[in-house]
Every structure is written in C-alpha cells, then in structure tokens.
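Structure file run.cif (mmCIF, C-alpha atoms) follows.
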data_structure
#
loop_
_atom_site.group_PDB
_atom_site.id
_atom_site.type_symbol
_atom_site.label_atom_id
_atom_site.label_comp_id
_atom_site.auth_asym_id
_atom_site.auth_seq_id
_atom_site.Cartn_x
_atom_site.Cartn_y
_atom_site.Cartn_z
ATOM 1 C CA LEU A 62 -54.231 -30.090 8.642
ATOM 2 C CA ARG A 63 -53.517 -33.302 10.457
ATOM 3 C CA ALA A 64 -53.530 -33.551 14.237
ATOM 4 C CA SER A 65 -49.780 -34.324 14.222
ATOM 5 C CA ASP A 66 -49.082 -30.884 12.727
ATOM 6 C CA ARG A 67 -50.018 -29.163 15.983
ATOM 7 C CA LYS A 68 -47.485 -26.977 17.739
ATOM 8 C CA VAL A 69 -45.740 -28.478 20.752
ATOM 9 C CA THR A 70 -44.582 -26.080 23.477
ATOM 10 C CA ILE A 71 -41.457 -26.331 25.598
ATOM 11 C CA GLU A 72 -43.654 -26.314 28.706
ATOM 12 C CA GLU A 73 -45.605 -29.298 27.376
ATOM 13 C CA ILE A 74 -42.337 -31.146 26.676
ATOM 14 C CA MET A 75 -41.071 -30.410 30.205
ATOM 15 C CA ARG A 76 -44.345 -31.621 31.707
ATOM 16 C CA LYS A 77 -44.367 -34.899 29.738
ATOM 17 C CA VAL A 78 -40.699 -35.670 30.446
ATOM 18 C CA ALA A 79 -41.061 -34.882 34.168
ATOM 19 C CA GLU A 80 -44.147 -37.096 34.326
ATOM 20 C CA HIS A 81 -42.417 -39.918 32.421
ATOM 21 C CA TYR A 82 -39.404 -39.924 34.754
ATOM 22 C CA HIS A 83 -41.443 -39.236 37.933
ATOM 23 C CA LEU A 84 -39.757 -35.890 38.569
ATOM 24 C CA ARG A 85 -41.174 -32.566 39.712
ATOM 25 C CA LEU A 86 -41.632 -29.972 37.002
ATOM 26 C CA SER A 87 -39.275 -27.723 38.979
ATOM 27 C CA ASP A 88 -36.470 -30.288 38.456
ATOM 28 C CA MET A 89 -36.483 -29.408 34.747
ATOM 29 C CA THR A 90 -35.313 -25.882 35.545
ATOM 30 C CA SER A 91 -33.313 -26.551 38.725
ATOM 31 C CA ALA A 92 -29.532 -26.415 39.061
ATOM 32 C CA ARG A 93 -29.372 -30.040 40.246
ATOM 33 C CA ARG A 94 -26.826 -32.091 38.323
ATOM 34 C CA ALA A 95 -27.648 -35.586 39.573
ATOM 35 C CA ARG A 96 -27.913 -37.941 36.612
ATOM 36 C CA ALA A 97 -31.474 -38.886 37.601
ATOM 37 C CA VAL A 98 -32.432 -35.250 36.957
ATOM 38 C CA ALA A 99 -29.865 -34.164 34.361
ATOM 39 C CA ARG A 100 -30.491 -36.977 31.851
ATOM 40 C CA PRO A 101 -34.259 -36.386 31.609
ATOM 41 C CA ARG A 102 -33.558 -32.640 31.367
ATOM 42 C CA GLN A 103 -31.182 -33.315 28.455
ATOM 43 C CA ILE A 104 -33.815 -35.450 26.742
ATOM 44 C CA ALA A 105 -36.348 -32.645 27.212
ATOM 45 C CA MET A 106 -33.913 -30.133 25.683
ATOM 46 C CA TYR A 107 -33.333 -32.446 22.716
ATOM 47 C CA LEU A 108 -37.079 -32.859 22.216
ATOM 48 C CA ALA A 109 -37.498 -29.081 22.448
ATOM 49 C CA LYS A 110 -34.886 -28.574 19.741
ATOM 50 C CA THR A 111 -36.455 -31.287 17.573
ATOM 51 C CA LEU A 112 -40.138 -30.410 17.976
ATOM 52 C CA THR A 113 -40.101 -26.614 18.254
ATOM 53 C CA SER A 114 -38.660 -23.840 16.140
ATOM 54 C CA LYS A 115 -37.061 -22.190 19.190
ATOM 55 C CA SER A 116 -33.381 -21.228 19.124
ATOM 56 C CA LEU A 117 -30.780 -22.766 21.446
ATOM 57 C CA PRO A 118 -30.662 -19.604 23.630
ATOM 58 C CA ASP A 119 -34.494 -19.599 23.881
ATOM 59 C CA ILE A 120 -34.524 -23.254 24.942
ATOM 60 C CA GLY A 121 -31.738 -22.623 27.455
ATOM 61 C CA ARG A 122 -33.647 -19.731 29.016
ATOM 62 C CA ARG A 123 -36.740 -21.920 29.471
ATOM 63 C CA PHE A 124 -34.644 -24.583 31.219
ATOM 64 C CA GLY A 125 -33.571 -22.374 34.093
ATOM 65 C CA GLY A 126 -31.436 -19.799 32.296
ATOM 66 C CA ARG A 127 -28.939 -22.239 30.840
ATOM 67 C CA ASP A 128 -26.425 -21.231 28.184
ATOM 68 C CA HIS A 129 -27.023 -22.199 24.540
ATOM 69 C CA THR A 130 -23.890 -24.386 24.681
ATOM 70 C CA THR A 131 -25.518 -26.460 27.437
ATOM 71 C CA VAL A 132 -28.483 -27.120 25.146
ATOM 72 C CA LEU A 133 -26.119 -27.988 22.298
ATOM 73 C CA HIS A 134 -24.256 -30.434 24.558
ATOM 74 C CA ALA A 135 -27.573 -31.995 25.649
ATOM 75 C CA CYS A 136 -28.634 -32.503 22.025
ATOM 76 C CA ARG A 137 -25.346 -34.125 21.061
ATOM 77 C CA LYS A 138 -25.341 -36.307 24.187
ATOM 78 C CA VAL A 139 -28.890 -37.589 23.690
ATOM 79 C CA LYS A 140 -28.249 -38.252 19.995
ATOM 80 C CA GLU A 141 -25.175 -40.286 20.967
ATOM 81 C CA LEU A 142 -27.052 -42.141 23.726
ATOM 82 C CA ARG A 143 -29.953 -42.990 21.411
ATOM 83 C CA GLU A 144 -27.490 -44.909 19.264
ATOM 84 C CA SER A 145 -25.823 -46.785 22.143
ATOM 85 C CA ASP A 146 -28.447 -47.134 24.899
ATOM 86 C CA GLY A 147 -31.661 -49.052 24.205
ATOM 87 C CA ASP A 148 -33.448 -47.635 27.258
ATOM 88 C CA ILE A 149 -32.790 -44.040 26.205
ATOM 89 C CA ARG A 150 -33.846 -44.864 22.629
ATOM 90 C CA GLU A 151 -37.106 -46.409 23.870
ATOM 91 C CA ASP A 152 -37.823 -43.534 26.284
ATOM 92 C CA TYR A 153 -37.189 -41.009 23.503
ATOM 93 C CA GLN A 154 -39.509 -42.811 21.086
ATOM 94 C CA ASN A 155 -42.287 -43.086 23.690
ATOM 95 C CA LEU A 156 -42.001 -39.397 24.609
ATOM 96 C CA LEU A 157 -41.882 -38.346 20.971
ATOM 97 C CA ARG A 158 -44.976 -40.423 20.220
ATOM 98 C CA SER A 159 -46.907 -39.013 23.200
ATOM 99 C CA LEU A 160 -46.020 -35.424 22.250
ATOM 100 C CA THR A 161 -46.887 -35.690 18.554
ATOM 101 C CA THR A 162 -50.205 -37.539 18.747
#
Spell out the structure here as structure tokens.
Amino acid sequence: LRASDRKVTIEEIMRKVAEHYHLRLSDMTSARRARAVARPRQIAMYLAKTLTSKSLPDIGRRFGGRDHTTVLHACRKVKELRESDGDIREDYQNLLRSLTT
C-alpha cells in the first residue's frame, strides 16, 4: 500500500483547515455564520465528503450537528467556487495535498 492510501479523518480535516485559515478548531463546529468562518467550514465539509466514506448526515453531525442538506449545500458551493475563484481553488489544492501526503 502506498502512503497516499491512508485513511483521513474528519477531525484531521477540521484541524488542517482551521490551521490553514488561522481559525480555532471550535469555529469548525460553531454556529457562527460570518464568511471568514463559514467558507473554511464549507471547504472542510467538501474535503470530508471527498476524502472520507462518511455519509452527509455523519459529516453534518461532526460539524456541530448540522443537517445533511447543509453539507450538500457546502459541497455544491465549494465546487462552484473552485471553478470561479482562483484563491479558493488554490486553497483547496493545498489542503488536499497536505491531507493526502
């Protein structure tokens, strides 16, 4: 098995994203809706959906008891932003690289 085949946890994703955006780990699960907190949280949810085999409800529960539709919205939003926003695309690629190596 290659090193890149290792399992990534939702907690590890939260930690890396919080570190990358200079947020507290508690911001990932908080109810705060400020864009400076919500956007990184959405990226973390998208990474969780991409890199883990967890279901949308499981991911939502880990992110502060959010509904599965919130996770679905986050995934769609980040996918859309990756296509239109170079900064988001670059952040996503850097986070993905750091989590899979």
Exercise. For Ile120 in chain A, which of A:His83, A:Glu141, A:Ile149, A:Leu133 is the closest residue, counting all atoms listed in the file?
Worked result: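 The closest residue to Ile120 in chain A is A:Leu133.
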For this session: Name all residues at most 7 Å from range 103-108 of chain A (count only C-alpha atoms; drop same-chain ones fewer than 6 positions away) and give them as a ChimeraX atom specification.
Result: /A:74-75,78,120,132,135-136,139
For this session: Compile the contact shell of Ser87 in chain A as a list in words: residues with an atom at most 12 Å away, counting only C-alpha atoms, same-chain residues fewer than 4 positions apart removed.
Result: Glu72, Met75, Arg76, Val78, Ala79, Glu80, His83, Ser91, Ala92, Arg93, Val98, Arg102, Arg123, Phe124 and Gly125 of chain A
Would you save the residues of that selection, restricted to C-alpha atoms, as a compact mmCIF listing (two decimals), in the coordinates of the input?
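New file out27.txt:
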# COMPACT_ATOMS: atom_id res chain seq x y z
CA GLU A 72 -43.65 -26.31 28.71
CA MET A 75 -41.07 -30.41 30.20
CA ARG A 76 -44.34 -31.62 31.71
CA VAL A 78 -40.70 -35.67 30.45
CA ALA A 79 -41.06 -34.88 34.17
CA GLU A 80 -44.15 -37.10 34.33
CA HIS A 83 -41.44 -39.24 37.93
CA SER A 91 -33.31 -26.55 38.72
CA ALA A 92 -29.53 -26.42 39.06
CA ARG A 93 -29.37 -30.04 40.25
CA VAL A 98 -32.43 -35.25 36.96
CA ARG A 102 -33.56 -32.64 31.37
CA ARG A 123 -36.74 -21.92 29.47
CA PHE A 124 -34.64 -24.58 31.22
CA GLY A 125 -33.57 -22.37 34.09
For this session: Name every residue that the PyMOL selection byres ((chain A and resi 70) around 10) selects in this structure, writing the answer as number ranges by chain with chains first and numbers rising.
Result: A: 67-69, 71-76, 109, 112-115, 160
Exercise. How far is it from CA of His81 in chain A to CA of Thr131 in chain A, in Å with one decimal?
Worked result: 22.2 Å
Exercise. For Thr161 in chain A, which of A:Ala95, A:Tyr82, A:Lys77, A:Lys138 is the closest residue, counting only C-alpha atoms?
Worked result: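 Closest residue, counting only C-alpha atoms: A:Lys77.
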Generate all heavy atoms for range 92-103 of chain A and emit them as an mmCIF file, in the coordinates of the input.
data_model
loop_
_atom_site.group_PDB
_atom_site.id
_atom_site.type_symbol
_atom_site.label_atom_id
_atom_site.label_comp_id
_atom_site.auth_asym_id
_atom_site.auth_seq_id
_atom_site.Cartn_x
_atom_site.Cartn_y
_atom_site.Cartn_z
ATOM 1 N N ALA A 92 -30.977 -26.338 39.277
ATOM 2 C CA ALA A 92 -29.532 -26.415 39.061
ATOM 3 C C ALA A 92 -28.978 -27.794 39.410
ATOM 4 O O ALA A 92 -27.778 -28.021 39.271
ATOM 5 C CB ALA A 92 -28.834 -25.357 39.905
ATOM 6 N N ARG A 93 -29.832 -28.707 39.852
ATOM 7 C CA ARG A 93 -29.372 -30.040 40.246
ATOM 8 C C ARG A 93 -28.703 -30.746 39.074
ATOM 9 O O ARG A 93 -29.187 -30.690 37.945
ATOM 10 C CB ARG A 93 -30.543 -30.893 40.738
ATOM 11 C CG ARG A 93 -31.074 -30.409 42.068
ATOM 12 C CD ARG A 93 -32.140 -31.322 42.621
ATOM 13 N NE ARG A 93 -31.639 -32.685 42.750
ATOM 14 C CZ ARG A 93 -32.421 -33.763 42.705
ATOM 15 N NH1 ARG A 93 -33.711 -33.638 42.522
ATOM 16 N NH2 ARG A 93 -31.906 -34.963 42.835
ATOM 17 N N ARG A 94 -27.588 -31.416 39.367
ATOM 18 C CA ARG A 94 -26.826 -32.091 38.323
ATOM 19 C C ARG A 94 -26.825 -33.606 38.452
ATOM 20 O O ARG A 94 -26.133 -34.288 37.697
ATOM 21 C CB ARG A 94 -25.370 -31.609 38.349
ATOM 22 C CG ARG A 94 -25.227 -30.175 37.901
ATOM 23 C CD ARG A 94 -23.771 -29.808 37.885
ATOM 24 N NE ARG A 94 -23.575 -28.486 37.300
ATOM 25 C CZ ARG A 94 -22.383 -27.982 37.088
ATOM 26 N NH1 ARG A 94 -21.297 -28.633 37.406
ATOM 27 N NH2 ARG A 94 -22.281 -26.785 36.560
ATOM 28 N N ALA A 95 -27.575 -34.131 39.410
ATOM 29 C CA ALA A 95 -27.648 -35.586 39.573
ATOM 30 C C ALA A 95 -28.138 -36.201 38.267
ATOM 31 O O ALA A 95 -29.018 -35.646 37.600
ATOM 32 C CB ALA A 95 -28.607 -35.934 40.706
ATOM 33 N N ARG A 96 -27.571 -37.322 37.891
ATOM 34 C CA ARG A 96 -27.913 -37.941 36.612
ATOM 35 C C ARG A 96 -29.403 -38.221 36.494
ATOM 36 O O ARG A 96 -29.982 -38.104 35.413
ATOM 37 C CB ARG A 96 -27.126 -39.235 36.406
ATOM 38 C CG ARG A 96 -27.439 -39.853 35.033
ATOM 39 C CD ARG A 96 -26.577 -41.025 34.703
ATOM 40 N NE ARG A 96 -25.234 -40.540 34.415
ATOM 41 C CZ ARG A 96 -24.182 -41.338 34.336
ATOM 42 N NH1 ARG A 96 -24.301 -42.629 34.529
ATOM 43 N NH2 ARG A 96 -22.994 -40.849 34.059
ATOM 44 N N ALA A 97 -30.041 -38.589 37.613
ATOM 45 C CA ALA A 97 -31.474 -38.886 37.601
ATOM 46 C C ALA A 97 -32.307 -37.674 37.200
ATOM 47 O O ALA A 97 -33.441 -37.815 36.739
ATOM 48 C CB ALA A 97 -31.915 -39.390 38.974
ATOM 49 N N VAL A 98 -31.753 -36.489 37.345
ATOM 50 C CA VAL A 98 -32.432 -35.250 36.957
ATOM 51 C C VAL A 98 -31.852 -34.715 35.650
ATOM 52 O O VAL A 98 -32.586 -34.287 34.759
ATOM 53 C CB VAL A 98 -32.302 -34.180 38.066
ATOM 54 C CG1 VAL A 98 -32.876 -32.855 37.618
ATOM 55 C CG2 VAL A 98 -32.972 -34.656 39.347
ATOM 56 N N ALA A 99 -30.541 -34.761 35.518
ATOM 57 C CA ALA A 99 -29.865 -34.164 34.361
ATOM 58 C C ALA A 99 -30.194 -34.896 33.056
ATOM 59 O O ALA A 99 -30.417 -34.247 32.030
ATOM 60 C CB ALA A 99 -28.360 -34.138 34.577
ATOM 61 N N ARG A 100 -30.231 -36.216 33.081
ATOM 62 C CA ARG A 100 -30.491 -36.977 31.851
ATOM 63 C C ARG A 100 -31.891 -36.690 31.302
ATOM 64 O O ARG A 100 -32.026 -36.366 30.117
ATOM 65 C CB ARG A 100 -30.282 -38.476 32.101
ATOM 66 C CG ARG A 100 -30.265 -39.282 30.842
ATOM 67 C CD ARG A 100 -29.030 -39.036 29.984
ATOM 68 N NE ARG A 100 -27.890 -39.749 30.507
ATOM 69 C CZ ARG A 100 -26.648 -39.245 30.563
ATOM 70 N NH1 ARG A 100 -26.393 -38.044 30.128
ATOM 71 N NH2 ARG A 100 -25.653 -39.928 31.043
ATOM 72 N N PRO A 101 -32.938 -36.754 32.129
ATOM 73 C CA PRO A 101 -34.259 -36.386 31.609
ATOM 74 C C PRO A 101 -34.311 -34.940 31.108
ATOM 75 O O PRO A 101 -34.956 -34.648 30.099
ATOM 76 C CB PRO A 101 -35.190 -36.585 32.808
ATOM 77 C CG PRO A 101 -34.508 -37.610 33.638
ATOM 78 C CD PRO A 101 -33.041 -37.345 33.475
ATOM 79 N N ARG A 102 -33.604 -34.037 31.796
ATOM 80 C CA ARG A 102 -33.558 -32.640 31.367
ATOM 81 C C ARG A 102 -32.915 -32.554 29.976
ATOM 82 O O ARG A 102 -33.368 -31.808 29.105
ATOM 83 C CB ARG A 102 -32.772 -31.801 32.369
ATOM 84 C CG ARG A 102 -32.823 -30.325 32.082
ATOM 85 C CD ARG A 102 -31.902 -29.521 32.986
ATOM 86 N NE ARG A 102 -32.189 -29.702 34.396
ATOM 87 C CZ ARG A 102 -31.283 -30.054 35.308
ATOM 88 N NH1 ARG A 102 -30.031 -30.252 34.974
ATOM 89 N NH2 ARG A 102 -31.625 -30.186 36.568
ATOM 90 N N GLN A 103 -31.842 -33.312 29.765
ATOM 91 C CA GLN A 103 -31.182 -33.315 28.455
ATOM 92 C C GLN A 103 -32.122 -33.846 27.377
ATOM 93 O O GLN A 103 -32.172 -33.315 26.264
ATOM 94 C CB GLN A 103 -29.910 -34.162 28.502
ATOM 95 C CG GLN A 103 -28.782 -33.520 29.275
ATOM 96 C CD GLN A 103 -27.558 -34.409 29.362
ATOM 97 O OE1 GLN A 103 -27.662 -35.642 29.427
ATOM 98 N NE2 GLN A 103 -26.389 -33.802 29.382
#
